[in-house]
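Below: work_2.cif (mmCIF, C-alpha atoms)
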```
data_input
#
loop_
_atom_site.label_atom_id
_atom_site.label_comp_id
_atom_site.auth_asym_id
_atom_site.auth_seq_id
_atom_site.Cartn_x
_atom_site.Cartn_y
_atom_site.Cartn_z
CA MET H 1 -3.85 -10.19 19.59
CA ASP H 2 -7.49 -9.44 18.72
CA ASN H 3 -8.66 -9.85 15.13
CA LEU H 4 -10.30 -6.59 14.05
CA VAL H 5 -11.09 -7.88 10.55
CA GLU H 6 -12.34 -11.35 9.66
CA VAL H 7 -13.07 -12.42 6.09
CA HIS H 8 -14.39 -15.98 5.77
CA ASN H 9 -14.88 -17.75 2.40
CA VAL H 10 -15.96 -14.55 0.69
CA THR H 11 -16.98 -14.46 -2.96
CA LYS H 12 -18.29 -11.49 -4.92
CA ARG H 13 -19.84 -11.79 -8.36
CA PHE H 14 -21.07 -9.08 -10.69
CA GLY H 15 -23.34 -10.93 -13.09
CA LYS H 16 -21.24 -13.67 -14.65
CA THR H 17 -17.96 -12.07 -13.55
CA THR H 18 -16.33 -13.29 -10.34
CA ALA H 19 -14.38 -10.36 -8.89
CA VAL H 20 -13.42 -12.11 -5.63
CA ASN H 21 -13.31 -15.88 -5.36
CA ASP H 22 -13.58 -17.65 -1.97
CA ILE H 23 -11.01 -15.66 0.01
CA SER H 24 -10.33 -15.88 3.75
CA PHE H 25 -8.03 -13.89 6.03
CA THR H 26 -7.94 -12.08 9.36
CA ILE H 27 -6.21 -8.84 10.35
CA GLU H 28 -4.97 -8.25 13.87
CA LYS H 29 -5.29 -5.14 15.94
CA GLY H 30 -2.39 -2.73 15.56
CA SER H 31 -1.06 -4.21 12.31
CA THR H 32 -0.35 -2.46 9.02
CA VAL H 33 -1.41 -4.49 5.99
CA ALA H 34 -0.91 -3.75 2.29
CA ILE H 35 -3.36 -5.32 -0.15
CA LEU H 36 -1.61 -5.54 -3.51
CA GLY H 37 -2.39 -6.84 -6.96
CA PRO H 38 -2.66 -5.80 -10.60
CA ASN H 39 -5.66 -3.84 -11.86
CA GLY H 40 -8.84 -5.93 -11.64
CA ALA H 41 -7.33 -8.34 -9.11
CA GLY H 42 -10.12 -7.79 -6.55
CA LYS H 43 -8.43 -5.38 -4.13
CA THR H 44 -10.93 -2.53 -4.23
CA THR H 45 -13.88 -4.92 -4.26
CA THR H 46 -12.53 -6.58 -1.12
CA ILE H 47 -12.05 -3.25 0.64
CA SER H 48 -15.56 -2.18 -0.39
CA MET H 49 -16.96 -5.33 1.24
CA MET H 50 -14.94 -4.69 4.40
CA LEU H 51 -16.38 -1.17 4.49
CA GLY H 52 -19.91 -2.46 4.03
CA LEU H 53 -20.28 -0.68 0.69
CA LEU H 54 -20.80 -4.00 -1.12
CA GLU H 55 -22.50 -7.19 0.04
CA PRO H 56 -20.63 -10.46 -0.52
CA THR H 57 -22.32 -12.91 -2.84
CA ALA H 58 -21.20 -15.62 -0.42
CA GLY H 59 -19.23 -15.72 2.82
CA VAL H 60 -19.01 -13.39 5.81
CA VAL H 61 -17.09 -10.18 6.57
CA THR H 62 -16.94 -8.79 10.10
CA LEU H 63 -15.17 -5.80 11.65
CA PHE H 64 -14.80 -5.78 15.45
CA GLY H 65 -16.93 -8.96 15.39
CA GLU H 66 -19.90 -7.19 13.79
CA ASP H 67 -21.42 -6.49 10.39
CA PRO H 68 -19.52 -3.59 8.73
CA LYS H 69 -22.79 -1.71 8.19
CA GLN H 70 -23.52 -1.42 11.90
CA VAL H 71 -23.34 2.13 13.27
CA THR H 72 -21.09 0.96 16.10
CA VAL H 73 -18.61 -0.29 13.49
CA ARG H 74 -18.80 2.82 11.31
CA ASN H 75 -18.07 4.89 14.40
CA ARG H 76 -14.68 3.14 14.73
CA ILE H 77 -13.42 3.19 11.14
CA GLY H 78 -12.13 5.80 8.71
CA ALA H 79 -11.63 5.51 4.98
CA MET H 80 -9.84 7.41 2.25
CA LEU H 81 -10.88 6.04 -1.14
CA GLN H 82 -9.30 6.62 -4.55
CA GLU H 83 -11.75 9.36 -5.52
CA VAL H 84 -12.18 12.10 -2.92
CA SER H 85 -15.59 13.71 -3.47
CA VAL H 86 -16.27 17.04 -1.83
CA ILE H 87 -19.47 18.92 -1.07
CA ASN H 88 -20.08 22.01 -3.17
CA GLN H 89 -20.73 25.34 -1.49
CA LEU H 90 -18.98 24.39 1.74
CA LYS H 91 -15.58 25.59 2.84
CA VAL H 92 -12.93 23.10 3.92
CA GLN H 93 -13.39 23.80 7.62
CA GLU H 94 -17.17 23.43 7.26
CA VAL H 95 -16.73 20.03 5.60
CA ILE H 96 -14.46 18.91 8.43
CA GLU H 97 -16.91 20.09 11.09
CA LEU H 98 -19.76 18.31 9.29
CA PHE H 99 -17.85 15.02 9.27
CA ARG H 100 -16.81 15.42 12.91
CA SER H 101 -20.48 15.75 13.83
CA TYR H 102 -21.14 12.20 12.56
CA TYR H 103 -18.98 10.60 15.26
CA SER H 104 -19.35 10.06 18.99
CA HIS H 105 -15.78 10.94 19.94
CA PRO H 106 -14.19 12.86 17.05
CA LEU H 107 -10.73 14.31 16.95
CA SER H 108 -10.69 18.02 17.61
CA THR H 109 -10.35 20.32 14.61
CA GLU H 110 -7.00 21.45 16.00
CA GLU H 111 -5.73 17.84 16.08
CA LEU H 112 -6.90 17.21 12.52
CA ILE H 113 -5.18 20.34 11.30
CA SER H 114 -1.99 19.37 13.10
CA VAL H 115 -1.92 15.81 11.76
CA THR H 116 -2.88 16.55 8.16
CA GLY H 117 -1.19 19.92 7.70
CA LEU H 118 -4.32 21.80 6.61
CA HIS H 119 -3.15 25.40 7.06
CA GLU H 120 -5.52 28.29 7.77
CA ASP H 121 -5.67 29.58 4.19
CA LEU H 122 -6.70 26.14 2.97
CA LEU H 123 -9.43 25.83 5.62
CA LYS H 124 -11.07 28.97 4.22
CA LYS H 125 -11.16 27.74 0.62
CA TRP H 126 -14.28 26.36 -1.03
CA ALA H 127 -13.91 22.59 -0.98
CA ASN H 128 -14.76 22.18 -4.67
CA LYS H 129 -11.96 24.61 -5.61
CA LEU H 130 -9.17 22.47 -4.15
CA SER H 131 -6.43 21.02 -6.30
CA GLY H 132 -6.06 17.25 -6.57
CA GLY H 133 -3.35 17.11 -3.90
CA GLN H 134 -5.35 19.38 -1.59
CA LYS H 135 -8.42 17.18 -2.00
CA ARG H 136 -6.39 14.16 -0.97
CA ARG H 137 -5.19 16.01 2.12
CA LEU H 138 -8.81 16.85 2.95
CA GLY H 139 -9.72 13.19 2.36
CA PHE H 140 -7.03 12.22 4.85
CA ALA H 141 -8.52 14.61 7.41
CA LEU H 142 -12.02 13.21 6.87
CA ALA H 143 -10.73 9.65 7.31
CA LEU H 144 -9.30 10.67 10.69
CA ALA H 145 -12.27 12.80 11.78
CA GLY H 146 -13.84 10.16 14.01
CA ASN H 147 -10.55 9.18 15.72
CA PRO H 148 -10.90 5.68 14.23
CA ASP H 149 -9.30 2.47 15.46
CA LEU H 150 -9.21 1.02 11.93
CA LEU H 151 -8.16 2.97 8.83
CA PHE H 152 -8.56 2.11 5.15
CA PHE H 153 -6.47 3.91 2.51
CA ASP H 154 -7.18 2.99 -1.12
CA GLU H 155 -4.31 4.29 -3.32
CA PRO H 156 -3.76 7.21 -0.92
CA THR H 157 -0.73 8.77 -2.63
CA VAL H 158 -1.84 8.67 -6.27
CA GLY H 159 -1.04 12.02 -7.86
CA LEU H 160 1.12 13.24 -4.98
CA ASP H 161 4.70 14.38 -5.47
CA ILE H 162 7.58 12.72 -3.62
CA THR H 163 7.54 15.22 -0.74
CA ALA H 164 3.79 14.91 -0.22
CA ARG H 165 4.01 11.11 -0.32
CA LYS H 166 6.77 11.14 2.31
CA ASN H 167 4.74 13.48 4.52
CA PHE H 168 1.70 11.23 4.23
CA TRP H 169 3.61 8.11 5.30
CA ASP H 170 5.28 9.99 8.14
CA LYS H 171 1.77 10.74 9.45
CA VAL H 172 0.72 7.11 8.98
CA ASN H 173 3.75 5.97 10.99
CA MET H 174 2.63 8.30 13.76
CA LEU H 175 -0.84 6.71 13.68
CA LYS H 176 0.74 3.24 13.84
CA GLU H 177 2.64 4.27 16.95
CA GLN H 178 -0.72 5.20 18.50
CA GLY H 179 -1.92 1.62 17.98
CA LYS H 180 -4.13 2.24 14.93
CA THR H 181 -4.73 -0.60 12.50
CA VAL H 182 -4.03 0.40 8.90
CA ILE H 183 -5.10 -1.36 5.69
CA PHE H 184 -3.99 0.16 2.40
CA THR H 185 -3.67 -0.53 -1.30
CA THR H 186 -0.98 1.00 -3.48
CA HIS H 187 0.57 0.70 -6.92
CA TYR H 188 3.84 1.99 -5.46
CA LEU H 189 5.38 -1.32 -4.38
CA GLN H 190 8.18 0.41 -2.49
CA GLU H 191 5.53 1.93 -0.21
CA ALA H 192 4.24 -1.53 0.62
CA ASP H 193 7.79 -2.74 1.24
CA ASP H 194 8.66 0.22 3.47
CA PHE H 195 5.47 0.73 5.47
CA SER H 196 3.60 -2.57 5.79
CA GLU H 197 4.22 -5.42 8.19
CA ARG H 198 2.21 -7.80 6.03
CA ILE H 199 1.27 -8.05 2.37
CA ILE H 200 -1.80 -9.83 1.01
CA LEU H 201 -1.28 -10.26 -2.73
CA PHE H 202 -4.32 -10.70 -4.99
CA ASN H 203 -4.57 -11.90 -8.57
CA ASP H 204 -7.71 -12.78 -10.52
CA GLY H 205 -9.84 -12.47 -7.40
CA GLN H 206 -7.79 -14.87 -5.29
CA ILE H 207 -5.09 -14.51 -2.64
CA ILE H 208 -1.85 -15.86 -4.08
CA ALA H 209 0.57 -14.78 -1.33
CA ASP H 210 0.26 -13.62 2.29
CA GLY H 211 3.15 -12.75 4.56
CA SER H 212 5.70 -10.14 5.55
CA PRO H 213 7.45 -8.28 2.71
CA ASP H 214 10.72 -10.05 3.54
CA ASP H 215 9.06 -13.48 3.55
CA ILE H 216 7.43 -12.89 0.18
CA LYS H 217 10.68 -11.63 -1.35
CA HIS H 218 12.70 -14.46 0.19
CA ASN H 219 10.35 -17.20 -0.98
CA VAL H 220 9.98 -16.16 -4.60
CA SER H 221 12.82 -13.80 -5.51
CA ALA H 222 16.44 -14.45 -6.27
CA ARG H 223 18.95 -12.14 -4.60
CA SER H 224 21.02 -9.64 -6.50
CA VAL H 225 24.49 -8.15 -6.50
CA SER H 226 24.25 -4.40 -7.05
CA PHE H 227 26.97 -1.86 -7.71
CA GLN H 228 27.91 1.33 -9.50
CA THR H 229 30.15 1.53 -12.53
CA SER H 230 31.43 4.13 -14.97
CA ASN H 231 30.81 1.88 -17.99
CA ASN H 232 27.26 0.59 -17.76
CA ASP H 233 26.84 -1.04 -21.18
CA ALA H 234 30.13 -2.94 -21.17
CA VAL H 235 29.74 -4.16 -17.58
CA ILE H 236 26.13 -5.25 -18.12
CA ALA H 237 27.16 -7.19 -21.23
CA GLN H 238 29.95 -8.91 -19.30
CA MET H 239 27.67 -9.70 -16.34
CA GLN H 240 25.08 -11.23 -18.66
CA SER H 241 27.75 -13.62 -19.92
CA PHE H 242 28.05 -15.18 -16.44
CA ALA H 243 26.13 -18.45 -16.25
CA GLU H 244 25.06 -17.67 -12.68
CA VAL H 245 23.38 -14.33 -13.59
CA ILE H 246 19.67 -14.69 -14.34
CA ARG H 247 19.39 -11.14 -15.68
CA CYS H 248 21.21 -7.83 -15.35
CA TYR H 249 19.74 -4.34 -15.54
CA GLU H 250 20.36 -0.71 -14.60
CA LYS H 251 18.05 1.28 -12.31
CA GLU H 252 18.56 4.71 -10.75
CA GLY H 253 22.29 4.70 -11.36
CA ARG H 254 22.99 1.18 -10.06
CA ILE H 255 23.52 -2.12 -11.86
CA TYR H 256 21.60 -5.13 -10.52
CA ALA H 257 22.70 -8.69 -11.32
CA VAL H 258 19.96 -11.10 -10.26
CA THR H 259 21.32 -14.48 -9.21
CA ASN H 260 20.86 -17.54 -7.02
CA ASP H 261 24.60 -17.69 -6.34
CA THR H 262 25.86 -14.35 -5.06
CA ASP H 263 29.19 -15.79 -3.86
CA THR H 264 30.21 -16.97 -7.32
CA VAL H 265 29.07 -13.75 -8.98
CA LEU H 266 31.10 -11.68 -6.52
CA SER H 267 34.13 -13.89 -7.13
CA ARG H 268 33.82 -13.45 -10.90
CA ILE H 269 33.46 -9.67 -10.59
CA PHE H 270 36.70 -9.36 -8.64
CA THR H 271 38.78 -12.03 -10.42
CA GLN H 272 37.92 -10.46 -13.79
CA GLY H 273 38.70 -7.00 -12.48
CA LEU H 274 35.40 -5.38 -13.47
CA ASP H 275 35.15 -1.62 -12.97
CA VAL H 276 32.69 -1.61 -10.04
CA LYS H 277 32.31 0.18 -6.71
CA ASP H 278 29.85 0.45 -3.84
CA VAL H 279 28.94 -3.25 -4.04
CA PHE H 280 25.94 -4.64 -2.13
CA ILE H 281 24.21 -7.98 -1.87
CA GLU H 282 20.45 -7.40 -1.77
CA GLN H 283 17.48 -9.59 -1.00
CA GLY H 284 15.09 -9.95 -3.93
CA ARG H 285 13.02 -6.88 -4.70
CA LEU H 286 9.28 -6.79 -3.99
CA GLU H 287 8.69 -5.69 -7.57
CA GLU H 288 10.29 -8.91 -8.80
CA ALA H 289 8.20 -11.00 -6.39
CA PHE H 290 5.04 -9.22 -7.54
CA ASP H 291 5.81 -9.80 -11.22
CA HIS H 292 6.81 -13.41 -10.61
CA LEU H 293 3.72 -14.33 -8.62
CA THR H 294 1.15 -12.59 -10.80
CA SER H 295 2.64 -13.83 -14.07
CA LYS H 296 2.93 -17.36 -12.67
CA GLN H 297 -0.72 -17.29 -11.64
CA LYS H 298 -1.79 -16.22 -15.12
CA GLU H 299 0.19 -19.10 -16.64
CA VAL H 300 -1.56 -21.59 -14.35
CA ILE H 301 -5.00 -20.21 -15.24
#
```
Full structure transcribed into structure tokens:
Amino acid sequence: MDNLVEVHNVTKRFGKTTAVNDISFTIEKGSTVAILGPNGAGKTTTISMMLGLLEPTAGVVTLFGEDPKQVTVRNRIGAMLQEVSVINQLKVQEVIELFRSYYSHPLSTEELISVTGLHEDLLKKWANKLSGGQKRRLGFALALAGNPDLLFFDEPTVGLDITARKNFWDKVNMLKEQGKTVIFTTHYLQEADDFSERIILFNDGQIIADGSPDDIKHNVSARSVSFQTSNNDAVIAQMQSFAEVIRCYEKEGRIYAVTNDTDTVLSRIFTQGLDVKDVFIEQGRLEEAFDHLTSKQKEVI
């Protein structure tokens, strides 16, 4: 497959602070990649360099084999950044038409409305009067205005409710089916687990893990036995007494016993007659892998 994005030995410094330190990766056409990391890890700086908004201090970034600042490149990308700024004294439809005029082969207004769910009443509103969620929907439409081959979403669902987040990712899945390449950052790790084919994990300006969500979880996370019970406190206390259980906790109505030996833990649960039901064995959670990798990196530094 063709590499749409190539980042070679890239470093970015702001004065004496190194935000990104000698990173290299490529992203293939048609893939969906999540760039994760704690605050200040270098994610947004890296995306800004890929968009041509920042110049690397060292190294090279290319999109479609060219400098990101080239007009031919800008004509093929779309971006939705964390802060969606709107133009005062223009209505939503006028903003959309303005952005469409910047591109050689834009999506029609009808297609943008269909994809992003901008209903007629919203199109007539002044852009600076939109709510936070409405602004993000407009930002989504502007990112798609040029019918881009490569899309960047920086924390796209911040501030959205569960329904709006689901609708957004449904639309992204539709774009993936059309062959679009999607790069996104998110603090919602479940989104990365559910919607990305690959995760690039940053910490302190460096890449500390790169692979599929399953690979990352498998390599660094223990598995867990999960179940429901009518007596959470007593069962958790008993589970924590098992030598094979690393830790035990409750989340969203289920008990999770993290372990490297699921067979023995299951045997103990049933031989001791614990009050459990709806038992599952689960691969390690991405949240655990994230915490493990970033905390381990800090210890090394």
Using the chain letters and residue numbers of this document, give as a list of chain:residue names the residues selected by the PyMOL selection byres ((chain H and resi 231) around 12).
->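 Taken on the displayed file, the PyMOL selection byres ((chain H and resi 231) around 12) yields the residues H:Phe227, H:Gln228, H:Thr229, H:Ser230, H:Asn232, H:Asp233, H:Ala234, H:Val235, H:Ile236, H:Ala237, H:Gln238, H:Glu250, H:Gly253, H:Arg254, H:Ile255, H:Leu274, H:Asp275, H:Val276, H:Lys277.
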Take CA of Arg76 in chain H and CA of Leu36 in chain H and report the distance between them in Å, one decimal.
->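 Separating CA of Arg76 in chain H from CA of Leu36 in chain H is a distance of 24.1 Å.
Candidate residues H:Met50, H:Ile27, H:Val84, H:Ala141 were compared for distance to Leu112 in chain H, and the nearest is H:Ala141, using all atoms listed in the file.
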Please identify all polymer residues within 9 Å of Val73 in chain H, counting only C-alpha atoms, omitting same-chain residues fewer than 6 positions from it, and present them as number ranges by chain.
-> H: 63-64, 66-67
Do you know which residues the PyMOL selection byres ((chain H and resi 153) around 12) returns on this file, as a VMD selection string?
-> chain H and resid 32 to 35 43 to 44 47 to 48 51 77 to 84 136 139 to 144 150 to 152 154 to 158 168 to 169 172 181 to 186
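In this comparison, which uses only C-alpha atoms, the residue of H:Leu107, H:Val7, H:Val245, H:Leu175 approaching Val60 in chain H most closely is H:Val7.
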Near-range 160-164 of chain H list (12 Å; only C-alpha atoms; drop same-chain fewer than 6 positions) as a PyMOL selection string | chain H and resi 116-117+131-137+170-171+188+191
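For Pro213 in chain H, the non-local neighbours within 8 Å, defined as residues at least 4 positions apart in the same chain or in other chains and counting all atoms listed in the file, are Ala192, Asp193, Ser196, Glu197, Arg198, Ile199, Lys217 and Leu286 of chain H.
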Let's have the selection written as a tab-separated table (two decimals), in the frame of the given file, with C-alpha atoms.
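Final output, part-v6.tsv:
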```tsv
chain	number	residue	atom	x	y	z
H	192	ALA	CA	4.24	-1.53	0.62
H	193	ASP	CA	7.79	-2.74	1.24
H	196	SER	CA	3.60	-2.57	5.79
H	197	GLU	CA	4.22	-5.42	8.19
H	198	ARG	CA	2.21	-7.80	6.03
H	199	ILE	CA	1.27	-8.05	2.37
H	217	LYS	CA	10.68	-11.63	-1.35
H	286	LEU	CA	9.28	-6.79	-3.99
```
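The coordinates place CA of Asp149 in chain H at 18.6 Å from CA of Ser114 in chain H.
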Would you mind reading off the distance between CA of Gly59 in chain H and CA of Gly15 in chain H, one decimal, in Å?
-> 17.1 Å
Exercise: Arg13 in chain H partners within 12 Å, only C-alpha atoms, chain neighbours under 2 positions left out, as a PyMOL selection string = chain H and resi 10-11+15-22+42+45-46+49+54-59+205
So which residues touch Arg247 in chain H within 9 Å, counting all atoms listed in the file, skipping near sequence neighbours fewer than 4 positions away, as a PyMOL selection string?
-> chain H and resi 239-240+256-259
Could you state which residues are captured by the PyMOL selection byres ((chain H and resi 261) around 10) in this file, as a ChimeraX atom specification?
-> /H:222-225,244-246,258-260,262-266
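The smallest atom-to-atom distance between Trp126 in chain H and any of H:Leu138, H:Val71, H:Leu4, H:Leu53, using all atoms listed in the file, is found for H:Leu138.
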Which residue of H:Asp215, H:Glu94, H:Asp278, H:Asp210 approaches Ser24 in chain H most closely, using only C-alpha atoms |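 The answer is H:Asp210, which sits nearest to Ser24 in chain H.
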For Thr294 in chain H, which residue out of H:Ser267, H:Asn3, H:Asn147, H:Asn39 is the nearest one, using only C-alpha atoms?
->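 Using only C-alpha atoms, Thr294 in chain H sits closest to H:Asn39.
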